[in-house]
file query_31.cif (mmCIF, C-alpha atoms)
data_query
loop_
_atom_site.label_atom_id
_atom_site.label_comp_id
_atom_site.auth_asym_id
_atom_site.auth_seq_id
_atom_site.Cartn_x
_atom_site.Cartn_y
_atom_site.Cartn_z
CA MET M 1 54.54 136.52 49.96
CA SER M 2 52.42 134.15 47.86
CA VAL M 3 52.97 131.08 45.69
CA PRO M 4 51.24 130.90 42.26
CA VAL M 5 49.23 127.79 41.53
CA ARG M 6 50.91 125.57 38.97
CA ALA M 7 49.05 124.58 35.82
CA GLY M 8 51.00 121.57 34.58
CA PRO M 9 54.18 119.57 35.07
CA SER M 10 57.50 120.45 33.46
CA SER M 11 59.29 118.30 30.91
CA TRP M 12 62.69 117.28 32.32
CA ARG M 13 65.86 116.29 30.45
CA ARG M 14 69.47 115.76 31.48
CA ALA M 15 72.21 117.68 29.72
CA ALA M 16 75.91 118.58 29.78
CA THR M 17 77.69 121.87 29.11
CA LEU M 18 81.37 122.64 28.54
CA VAL M 19 83.02 125.81 29.79
CA LEU M 20 85.95 125.95 27.37
CA ALA M 21 88.77 128.23 28.55
CA ALA M 22 91.86 128.84 26.39
CA GLY M 23 95.14 130.60 27.09
CA TRP M 24 95.51 134.13 25.81
CA THR M 25 98.44 136.52 26.06
CA ARG M 26 97.21 140.03 26.66
CA PRO M 27 99.27 142.61 24.74
CA VAL M 28 101.24 145.18 26.71
CA PRO M 29 100.03 148.78 26.17
CA ALA M 30 102.32 150.71 23.84
CA ALA M 31 102.42 153.56 26.35
CA ALA M 32 104.03 151.43 29.06
CA SER M 33 106.91 153.33 30.66
CA ARG M 34 109.20 150.31 30.81
CA PRO M 35 109.42 146.94 29.06
CA GLN M 36 106.93 144.47 30.50
CA PRO M 37 106.34 140.79 29.80
CA PRO M 38 103.01 140.00 28.17
CA ALA M 39 100.33 139.27 30.74
CA GLU M 40 98.90 135.78 30.80
CA GLY M 41 95.13 135.54 30.66
CA PHE M 42 92.39 133.37 29.24
CA ARG M 43 89.27 133.60 27.16
CA VAL M 44 86.07 131.58 27.25
CA LEU M 45 84.16 130.30 24.24
CA LEU M 46 80.65 131.73 23.92
CA LEU M 47 78.28 130.61 21.18
CA GLN M 48 75.31 132.66 20.00
CA ARG M 49 72.18 130.59 19.68
CA SER M 50 69.99 131.04 16.64
CA ALA M 51 66.99 133.34 17.08
CA SER M 52 64.83 130.46 15.82
CA GLN M 53 65.72 128.20 18.76
CA GLY M 54 62.91 127.50 21.19
CA PHE M 55 65.16 127.60 24.27
CA LEU M 56 67.18 130.79 24.97
CA PRO M 57 66.90 132.18 21.40
CA GLY M 58 69.70 134.60 20.57
CA ALA M 59 71.50 134.08 23.89
CA GLN M 60 75.22 133.54 24.36
CA VAL M 61 75.85 130.08 25.81
CA PHE M 62 78.61 127.57 26.43
CA PRO M 63 78.63 124.54 24.09
CA GLY M 64 76.40 121.74 25.31
CA GLY M 65 73.21 119.79 24.88
CA VAL M 66 71.00 116.92 25.93
CA LEU M 67 72.37 113.54 27.00
CA GLU M 68 71.62 110.89 24.37
CA ALA M 69 71.46 107.12 24.71
CA ALA M 70 74.50 106.93 22.41
CA ASP M 71 76.57 108.77 25.03
CA ARG M 72 76.00 105.88 27.45
CA SER M 73 76.39 103.07 24.93
CA THR M 74 78.46 100.04 25.87
CA ASP M 75 80.01 100.30 22.39
CA TRP M 76 82.36 102.94 23.85
CA LEU M 77 83.98 100.24 26.01
CA ARG M 78 85.68 98.73 22.95
CA LEU M 79 87.11 102.11 21.94
CA PHE M 80 88.52 102.86 25.40
CA ALA M 81 89.89 99.31 25.78
CA PRO M 82 92.38 97.96 26.55
CA HIS M 83 93.97 100.96 28.27
CA HIS M 84 90.97 102.42 30.09
CA GLY M 85 87.81 100.84 31.41
CA PRO M 86 85.15 100.72 34.13
CA PRO M 87 84.41 101.94 36.60
CA ARG M 88 86.33 105.25 36.34
CA PHE M 89 88.25 105.00 33.04
CA GLY M 90 91.31 106.57 34.67
CA LEU M 91 89.46 109.58 36.08
CA GLY M 92 90.66 108.91 39.62
CA ARG M 93 88.65 108.51 42.78
CA ALA M 94 84.94 109.23 42.46
CA PRO M 95 83.91 112.52 44.10
CA PRO M 96 81.34 112.35 46.91
CA GLN M 97 77.63 112.66 46.21
CA ARG M 98 76.39 116.11 47.18
CA ALA M 99 72.98 117.63 47.94
CA ALA M 100 70.07 115.47 46.85
CA PHE M 101 67.60 118.38 46.73
CA PRO M 102 65.60 118.49 44.62
CA VAL M 103 64.69 114.96 43.60
CA LEU M 104 63.46 115.37 40.04
CA PRO M 105 60.61 113.29 38.61
CA ASN M 106 62.04 110.69 36.23
CA VAL M 107 65.47 112.37 36.34
CA ARG M 108 66.88 110.88 39.51
CA PRO M 109 70.62 111.56 40.02
CA GLY M 110 72.51 108.36 39.42
CA ALA M 111 69.43 106.60 38.06
CA VAL M 112 70.12 103.06 36.83
CA ASP M 113 70.13 102.73 33.07
CA GLU M 114 68.08 99.97 31.48
CA ASP M 115 71.37 98.45 30.36
CA ALA M 116 73.26 97.62 33.56
CA ALA M 117 76.54 97.68 31.64
CA ALA M 118 76.01 101.19 30.24
CA LEU M 119 78.60 103.85 30.94
CA PRO M 120 78.36 105.60 34.30
CA ASP M 121 77.19 109.21 34.47
CA ASP M 122 80.72 110.60 35.01
CA ILE M 123 81.78 109.21 31.64
CA ALA M 124 78.53 109.61 29.69
CA PHE M 125 78.11 113.28 30.55
CA ARG M 126 81.68 114.01 29.50
CA ILE M 127 81.13 112.27 26.17
CA CYS M 128 77.91 114.24 25.75
CA ALA M 129 79.66 117.57 26.37
CA ILE M 130 82.47 116.69 23.94
CA ARG M 131 80.03 115.50 21.27
CA GLU M 132 77.90 118.63 21.56
CA THR M 133 81.01 120.84 21.37
CA PHE M 134 81.85 119.14 18.08
CA GLU M 135 78.29 119.44 16.75
CA GLU M 136 77.85 123.11 17.62
CA ALA M 137 81.38 124.51 17.33
CA GLY M 138 83.34 122.02 15.21
CA VAL M 139 85.89 121.62 18.04
CA LEU M 140 87.22 118.08 18.55
CA LEU M 141 88.40 117.31 22.08
CA LEU M 142 89.94 113.89 21.44
CA ARG M 143 93.18 112.12 22.33
CA PRO M 144 94.96 109.18 20.67
CA ARG M 145 94.21 105.69 21.89
CA ASP M 146 97.40 104.73 23.65
CA PRO M 147 98.50 103.37 27.04
CA ARG M 148 99.99 106.64 28.28
CA PRO M 149 98.17 107.87 31.38
CA PRO M 150 96.42 111.19 30.81
CA ASN M 151 98.57 114.01 32.13
CA GLN M 152 97.29 116.98 34.10
CA ALA M 153 98.47 119.70 31.72
CA PRO M 154 95.96 121.84 29.81
CA GLY M 155 94.75 120.01 26.73
CA CYS M 156 94.57 120.81 23.06
CA ALA M 157 91.96 120.22 20.38
CA LEU M 158 92.49 118.12 17.28
CA ALA M 159 92.34 119.68 13.85
CA PRO M 160 88.86 119.43 12.31
CA PRO M 161 88.36 116.17 10.42
CA PRO M 162 88.17 116.06 6.64
CA ALA M 163 84.57 116.59 5.52
CA LEU M 164 83.70 118.40 8.75
CA ALA M 165 80.24 119.40 7.53
CA ASP M 166 79.40 115.83 6.49
CA TRP M 167 80.50 114.37 9.82
CA ARG M 168 78.57 116.98 11.79
CA ALA M 169 75.44 116.32 9.77
CA ARG M 170 75.78 112.58 10.39
CA VAL M 171 76.31 113.04 14.13
CA ARG M 172 73.38 115.46 14.34
CA ARG M 173 71.11 112.91 12.63
CA ASP M 174 72.35 110.06 14.80
CA PRO M 175 74.65 110.65 17.80
CA ARG M 176 76.01 107.11 17.43
CA HIS M 177 78.08 108.40 14.51
CA PHE M 178 80.27 110.31 16.96
CA LEU M 179 81.73 106.99 18.08
CA SER M 180 82.31 106.11 14.42
CA LEU M 181 84.22 109.36 13.93
CA CYS M 182 86.38 108.69 16.98
CA ALA M 183 87.10 105.15 15.78
CA GLN M 184 88.08 106.37 12.32
CA LEU M 185 90.51 108.86 13.88
CA ASP M 186 91.76 106.15 16.30
CA CYS M 187 91.01 108.45 19.22
CA THR M 188 88.83 108.57 22.31
CA PRO M 189 86.96 111.56 23.72
CA ASP M 190 89.37 113.36 26.03
CA ILE M 191 87.23 112.83 29.12
CA TRP M 192 90.29 113.43 31.31
CA ALA M 193 90.53 117.09 30.22
CA LEU M 194 87.04 117.81 31.59
CA HIS M 195 86.74 118.76 35.26
CA ASP M 196 83.60 118.85 37.40
CA TRP M 197 82.48 122.46 37.86
CA SER M 198 78.77 122.82 38.73
CA VAL M 199 75.26 121.47 38.19
CA TRP M 200 72.36 123.81 37.37
CA ILE M 201 68.69 122.84 37.34
CA THR M 202 66.33 125.04 35.33
CA PRO M 203 64.04 126.88 37.77
CA PHE M 204 60.28 126.94 37.40
CA SER M 205 59.17 130.01 35.46
CA ARG M 206 56.02 128.92 33.64
CA PRO M 207 53.88 125.77 33.57
CA GLY M 208 54.91 123.07 31.12
CA GLY M 209 58.24 124.66 30.16
CA ARG M 210 61.27 122.66 29.07
CA ARG M 211 63.68 122.18 31.95
CA PHE M 212 67.11 120.64 32.30
CA GLU M 213 69.45 119.23 34.88
CA THR M 214 72.74 120.34 33.34
CA THR M 215 76.20 119.26 34.43
CA PHE M 216 78.83 121.94 33.76
CA PHE M 217 82.42 120.86 33.06
CA LEU M 218 85.51 123.03 32.77
CA CYS M 219 88.15 122.32 30.13
CA CYS M 220 91.38 124.35 29.90
CA LEU M 221 93.26 124.48 26.56
CA ASN M 222 96.68 125.97 25.93
CA GLU M 223 95.38 128.02 23.02
CA PRO M 224 91.99 128.65 21.42
CA PRO M 225 91.20 126.23 18.57
CA PRO M 226 89.43 127.34 15.40
CA VAL M 227 85.66 127.41 15.86
CA PHE M 228 83.15 126.64 13.11
CA PRO M 229 79.56 127.46 14.18
CA ASP M 230 77.12 124.95 12.73
CA LEU M 231 74.80 127.77 11.49
CA VAL M 232 71.83 125.72 12.64
CA GLU M 233 71.68 125.93 16.42
CA VAL M 234 74.62 128.34 16.61
CA VAL M 235 75.06 131.35 14.31
CA ASP M 236 78.14 133.06 15.76
CA CYS M 237 80.94 132.62 18.29
CA GLN M 238 83.27 134.73 20.39
CA TRP M 239 86.32 134.06 22.56
CA SER M 240 85.91 136.56 25.42
CA SER M 241 87.65 137.16 28.71
CA PRO M 242 85.21 137.23 31.64
CA SER M 243 85.52 141.01 31.86
CA GLU M 244 84.94 141.43 28.10
CA ALA M 245 81.80 139.30 28.28
CA ILE M 246 80.41 141.40 31.13
CA GLU M 247 81.22 144.61 29.25
CA ARG M 248 79.31 143.31 26.23
CA LEU M 249 76.39 142.41 28.50
CA ILE M 250 76.40 145.95 29.99
CA SER M 251 76.34 147.47 26.51
CA LYS M 252 73.44 145.15 25.54
CA GLU M 253 75.51 143.53 22.79
CA ILE M 254 74.80 140.07 24.17
CA LEU M 255 72.23 138.24 26.26
CA LEU M 256 73.27 135.85 29.02
CA ALA M 257 70.94 133.57 30.96
CA PRO M 258 71.46 133.66 34.75
CA PRO M 259 73.64 130.49 34.97
CA GLN M 260 76.00 131.73 32.25
CA PHE M 261 76.14 135.17 33.88
CA TYR M 262 76.95 133.59 37.23
CA GLU M 263 79.62 131.28 35.84
CA ILE M 264 81.34 134.03 33.85
CA ARG M 265 81.45 136.17 36.98
CA ARG M 266 82.84 133.18 38.90
CA LEU M 267 85.61 132.78 36.30
CA GLY M 268 86.50 136.42 36.96
CA ASN M 269 88.18 135.26 40.17
CA PHE M 270 91.10 133.90 38.12
CA ALA M 271 93.83 136.02 36.54
CA SER M 272 95.39 133.35 34.32
CA LEU M 273 94.70 130.02 32.67
CA SER M 274 97.31 128.34 34.85
CA ASP M 275 95.55 129.60 38.00
CA LEU M 276 92.19 128.36 36.74
CA HIS M 277 93.57 125.00 35.66
CA LYS M 278 95.38 124.43 38.97
CA PHE M 279 92.26 125.33 40.88
CA SER M 280 90.17 122.82 38.92
CA LEU M 281 92.72 120.07 39.64
CA ASP M 282 93.05 120.92 43.34
CA ARG M 283 89.32 120.61 43.98
CA GLU M 284 88.74 117.59 41.70
CA SER M 285 87.88 115.21 44.53
CA GLU M 286 85.31 117.59 46.05
CA GLY M 287 82.56 117.07 43.50
CA THR M 288 79.99 119.71 42.59
CA GLU M 289 77.10 121.54 44.14
CA ARG M 290 73.72 120.95 42.56
CA TRP M 291 71.57 124.05 42.42
CA MET M 292 67.95 124.69 41.49
CA PRO M 293 67.27 128.43 41.71
CA ILE M 294 63.91 129.45 43.12
CA ILE M 295 62.40 132.45 41.35
CA LEU M 296 60.90 135.24 43.44
CA LEU M 297 58.74 137.55 41.30
CA THR M 298 58.75 141.12 42.63
CA ALA M 299 56.74 144.19 41.62
CA ASP M 300 59.51 145.32 39.26
CA GLY M 301 61.61 142.27 38.42
CA MET M 302 62.68 138.85 39.60
CA ILE M 303 65.22 137.35 41.97
CA HIS M 304 66.85 133.95 41.45
CA LEU M 305 67.45 132.61 44.95
CA LEU M 306 70.33 130.14 45.29
CA PRO M 307 71.16 127.66 48.08
CA GLY M 308 72.55 129.43 51.14
CA ASP M 309 70.41 132.55 50.64
CA GLU M 310 68.28 133.42 53.66
CA MET M 311 65.10 133.18 51.57
CA TYR M 312 65.96 129.89 49.86
CA LEU M 313 63.72 126.98 50.90
CA GLU M 314 64.47 123.32 50.21
CA ASP M 315 60.84 122.60 49.52
CA SER M 316 59.75 120.29 46.70
CA ASN M 317 56.73 122.53 46.09
CA PHE M 318 59.08 124.87 44.26
CA LEU M 319 59.75 122.27 41.60
CA GLU M 320 56.56 123.53 39.94
CA ASN M 321 56.04 126.89 41.61
CA CYS M 322 57.77 130.20 42.21
CA MET M 323 57.39 132.84 44.91
CA SER M 324 55.79 136.23 44.38
CA THR M 325 55.48 139.47 46.32
CA GLU M 326 53.94 142.90 45.83
CA LYS M 327 57.13 144.49 47.16
CA LYS M 328 59.71 146.03 44.88
CA THR M 329 63.13 144.45 44.52
CA GLU M 330 64.80 147.28 46.44
CA GLU M 331 62.57 146.63 49.46
CA ILE M 332 63.38 142.92 49.43
CA MET M 333 67.10 143.64 49.19
CA ASN M 334 67.02 146.19 52.01
CA GLU M 335 65.33 143.68 54.31
CA GLY M 336 67.99 140.98 53.91
CA LYS M 337 71.58 140.31 54.92
CA LYS M 338 72.46 136.75 53.90
CA PHE M 339 72.52 136.76 50.13
CA HIS M 340 73.18 134.27 47.37
CA ARG M 341 71.03 135.56 44.55
CA ILE M 342 70.86 136.84 40.99
CA VAL M 343 68.64 139.87 40.50
CA LEU M 344 66.88 140.93 37.28
CA TYR M 345 65.12 144.29 37.33
CA ASN M 346 62.17 145.82 35.46
CA SER M 347 61.05 142.70 33.62
CA HIS M 348 59.97 139.11 34.08
CA ASN M 349 61.55 138.12 30.75
CA TYR M 350 65.28 137.40 30.35
CA GLY M 351 65.53 139.34 27.11
CA ASP M 352 63.84 142.54 28.31
CA TYR M 353 65.60 143.39 31.59
CA THR M 354 67.48 146.64 32.10
CA ASP M 355 69.48 145.79 35.24
CA TYR M 356 71.21 142.56 36.23
CA SER M 357 73.22 141.84 39.38
CA ILE M 358 74.70 139.18 41.64
CA HIS M 359 74.74 139.49 45.42
CA VAL M 360 76.83 137.03 47.45
CA THR M 361 77.55 137.26 51.17
CA VAL M 362 77.76 133.51 51.93
CA LEU M 363 80.93 131.44 51.94
CA PRO M 364 81.54 128.87 49.19
CA LYS M 365 81.52 125.15 49.87
CA TYR M 366 83.69 122.23 48.83
CA LYS M 367 86.80 124.29 47.95
CA HIS M 368 84.94 126.13 45.22
CA VAL M 369 84.66 129.90 44.73
CA TYR M 370 81.62 132.09 44.29
CA PRO M 371 81.55 135.26 42.20
CA LYS M 372 82.01 138.63 43.82
CA SER M 373 78.89 140.75 44.11
CA CYS M 374 78.41 142.95 41.09
CA VAL M 375 75.82 145.15 39.37
CA VAL M 376 75.32 145.25 35.61
CA GLY M 377 73.25 148.19 34.40
CA LYS M 378 71.79 151.12 36.31
CA SER M 379 70.72 149.41 39.52
CA ARG M 380 68.72 151.35 42.08
CA LEU M 381 70.49 149.56 44.95
#

call {"tool": "encode", "arguments": {"input": "query_31.cif", "output": "structure tokens"}}
result
Amino acid sequence: MSVPVRAGPSSWRRAATLVLAAGWTRPVPAAASRPQPPAEGFRVLLLQRSASQGFLPGAQVFPGGVLEAADRSTDWLRLFAPHHGPPRFGLGRAPPQRAAFPVLPNVRPGAVDEDAAALPDDIAFRICAIRETFEEAGVLLLRPRDPRPPNQAPGCALAPPPALADWRARVRRDPRHFLSLCAQLDCTPDIWALHDWSVWITPFSRPGGRRFETTFFLCCLNEPPPVFPDLVEVVDCQWSSPSEAIERLISKEILLAPPQFYEIRRLGNFASLSDLHKFSLDRESEGTERWMPIILLTADGMIHLLPGDEMYLEDSNFLENCMSTEKKTEEIMNEGKKFHRIVLYNSHNYGDYTDYSIHVTVLPKYKHVYPKSCVVGKSRL
């Protein structure tokens, strides 16, 4: 096993992503032998990135984007007042801080903003995810400004504002306009509908690449709202059940990056929106795990090692390096027993692989669930 020499530091940014799940009633097959009630299910919003995008071109992603200074602005305090305010804005008790590995250069978790009064991360990242969902998909996750405490039922999206295209263009040019839109509608971002889900850190794959520490939130809606792709970053959209998304991946209709693949497989543990929503509420106080995959390059593919895997090393050298071996993936897999990994076969590029799989034998932490092991494509294992 060897470690390639790095050739330059990565550029780090913080970001937020929203896994938007909406209720869906599956139709009963016409051939059913006896009357049956419609089965409750859910679908997840996937957006197709433009092929011209520099990061994950053409891939299916959840809505999201980079944290902006406007998302942390103290100007939001006036909009949330007088009914909600620091430090938690009605979100409840703060979840515990989890694993500190890795410490990122200039992207320290919980880093103090230059403005000591700026919004805390829990609030700012939620506003970021809601703003980006509006920019990319035209979906407005807002609630009226009133003294009623946020309830724990699945939420609903507001109807698109008049002059949707104009507002989106303004917000894209200057994120501060998102606050102006909320003020005009006399609403606040529905931060209470977003639940902590996971944190993914882009692994090292090549020197100088763009990398992100991305907080994933889950939001459950009673029904899917209309979606209007912005046709700039996003060119298409699809509401898919987890199984439908995996089927489309198998048939090579879509491309999923490893975190999206993992999270869609994780959502496959839930049969209904109510089950998923209850689960997110029950584990709210547990916080999230923070994962930086370590890439192991094999003779015929790559393996994304995740915390808990027997080969995973909490070593800061892997911030700017990956592992490599002359062995084939099958040999590596046959030698191990304790797995928490995503395997890509036959290519070192996300868009050119032929096989894709998840292998999990470790137990989840903090009342979360991990996906079941699965193979997508014609694996040799």

call {"tool": "closest_residue", "arguments": {"input": "query_31.cif", "among": "M:Ser272, M:Thr215, M:Gln152, M:Asn317", "to": "M:Val199", "atoms": "all atoms listed in the file"}}
result
M:Thr215

call {"tool": "residues_around", "arguments": {"input": "query_31.cif", "residues": "M:Met292", "least_positions_apart": "6", "cutoff": "7 Å", "atoms": "only C-alpha atoms", "output": "ChimeraX atom specification"}}
result
/M:200-203

call {"tool": "resolve_selection", "arguments": {"input": "query_31.cif", "expression": "the PyMOL selection byres ((chain M and resi 236) around 10)", "output": "JSON, numbers by chain"}}
result
{"M": [46, 47, 48, 49, 50, 58, 60, 137, 227, 228, 229, 230, 231, 233, 234, 235, 237, 238]}

call {"tool": "residues_near_point", "arguments": {"input": "query_31.cif", "point": "(89.5, 122.9, 25.5)", "cutoff": "12 Å", "atoms": "only C-alpha atoms", "output": "ChimeraX atom specification"}}
result
/M:18-23,42-45,62-63,129-130,133-134,137,139-143,153-158,189-195,217-227,239,273,277

call {"tool": "residues_around", "arguments": {"input": "query_31.cif", "residues": "M:Met302", "least_positions_apart": "6", "cutoff": "7 Å", "atoms": "all atoms listed in the file", "output": "PyMOL selection string"}}
result
chain M and resi 295-296+343-345+348

call {"tool": "write_last_selection", "arguments": {"input": "query_31.cif", "atoms": "C-alpha atoms", "output": "tab-separated table (two decimals), keeping the file's coordinate frame"}}
result
chain	number	residue	atom	x	y	z
M	295	ILE	CA	62.40	132.45	41.35
M	296	LEU	CA	60.90	135.24	43.44
M	343	VAL	CA	68.64	139.87	40.50
M	344	LEU	CA	66.88	140.93	37.28
M	345	TYR	CA	65.12	144.29	37.33
M	348	HIS	CA	59.97	139.11	34.08

call {"tool": "closest_residue", "arguments": {"input": "query_31.cif", "among": "M:Ile294, M:Cys374, M:Ile342, M:Leu119", "to": "M:Phe89", "atoms": "only C-alpha atoms"}}
result
M:Leu119

call {"tool": "residues_around", "arguments": {"input": "query_31.cif", "residues": "stretch 257-266 of chain M", "least_positions_apart": "5", "cutoff": "6 Å", "atoms": "all atoms listed in the file", "output": "PyMOL selection string"}}
result
chain M and resi 242+370-371

call {"tool": "closest_residue", "arguments": {"input": "query_31.cif", "among": "M:Tyr356, M:Glu310, M:Ile303, M:Val376", "to": "M:Thr329", "atoms": "all atoms listed in the file"}}
result
M:Ile303

call {"tool": "atom_distance", "arguments": {"input": "query_31.cif", "atom1": "atom CA of M:Met333", "atom2": "atom CA of M:Ile246"}}
result
22.5 Å

call {"tool": "atom_distance", "arguments": {"input": "query_31.cif", "atom1": "atom CA of M:Ala163", "atom2": "atom CA of M:Cys128"}}
result
21.4 Å

call {"tool": "resolve_selection", "arguments": {"input": "query_31.cif", "expression": "the PyMOL selection byres ((chain M and resi 68) around 9)", "output": "list of chain:residue names"}}
result
M:Arg14, M:Ala15, M:Val66, M:Leu67, M:Ala69, M:Ala70, M:Asp71, M:Arg72, M:Ala124, M:Cys128, M:Pro175
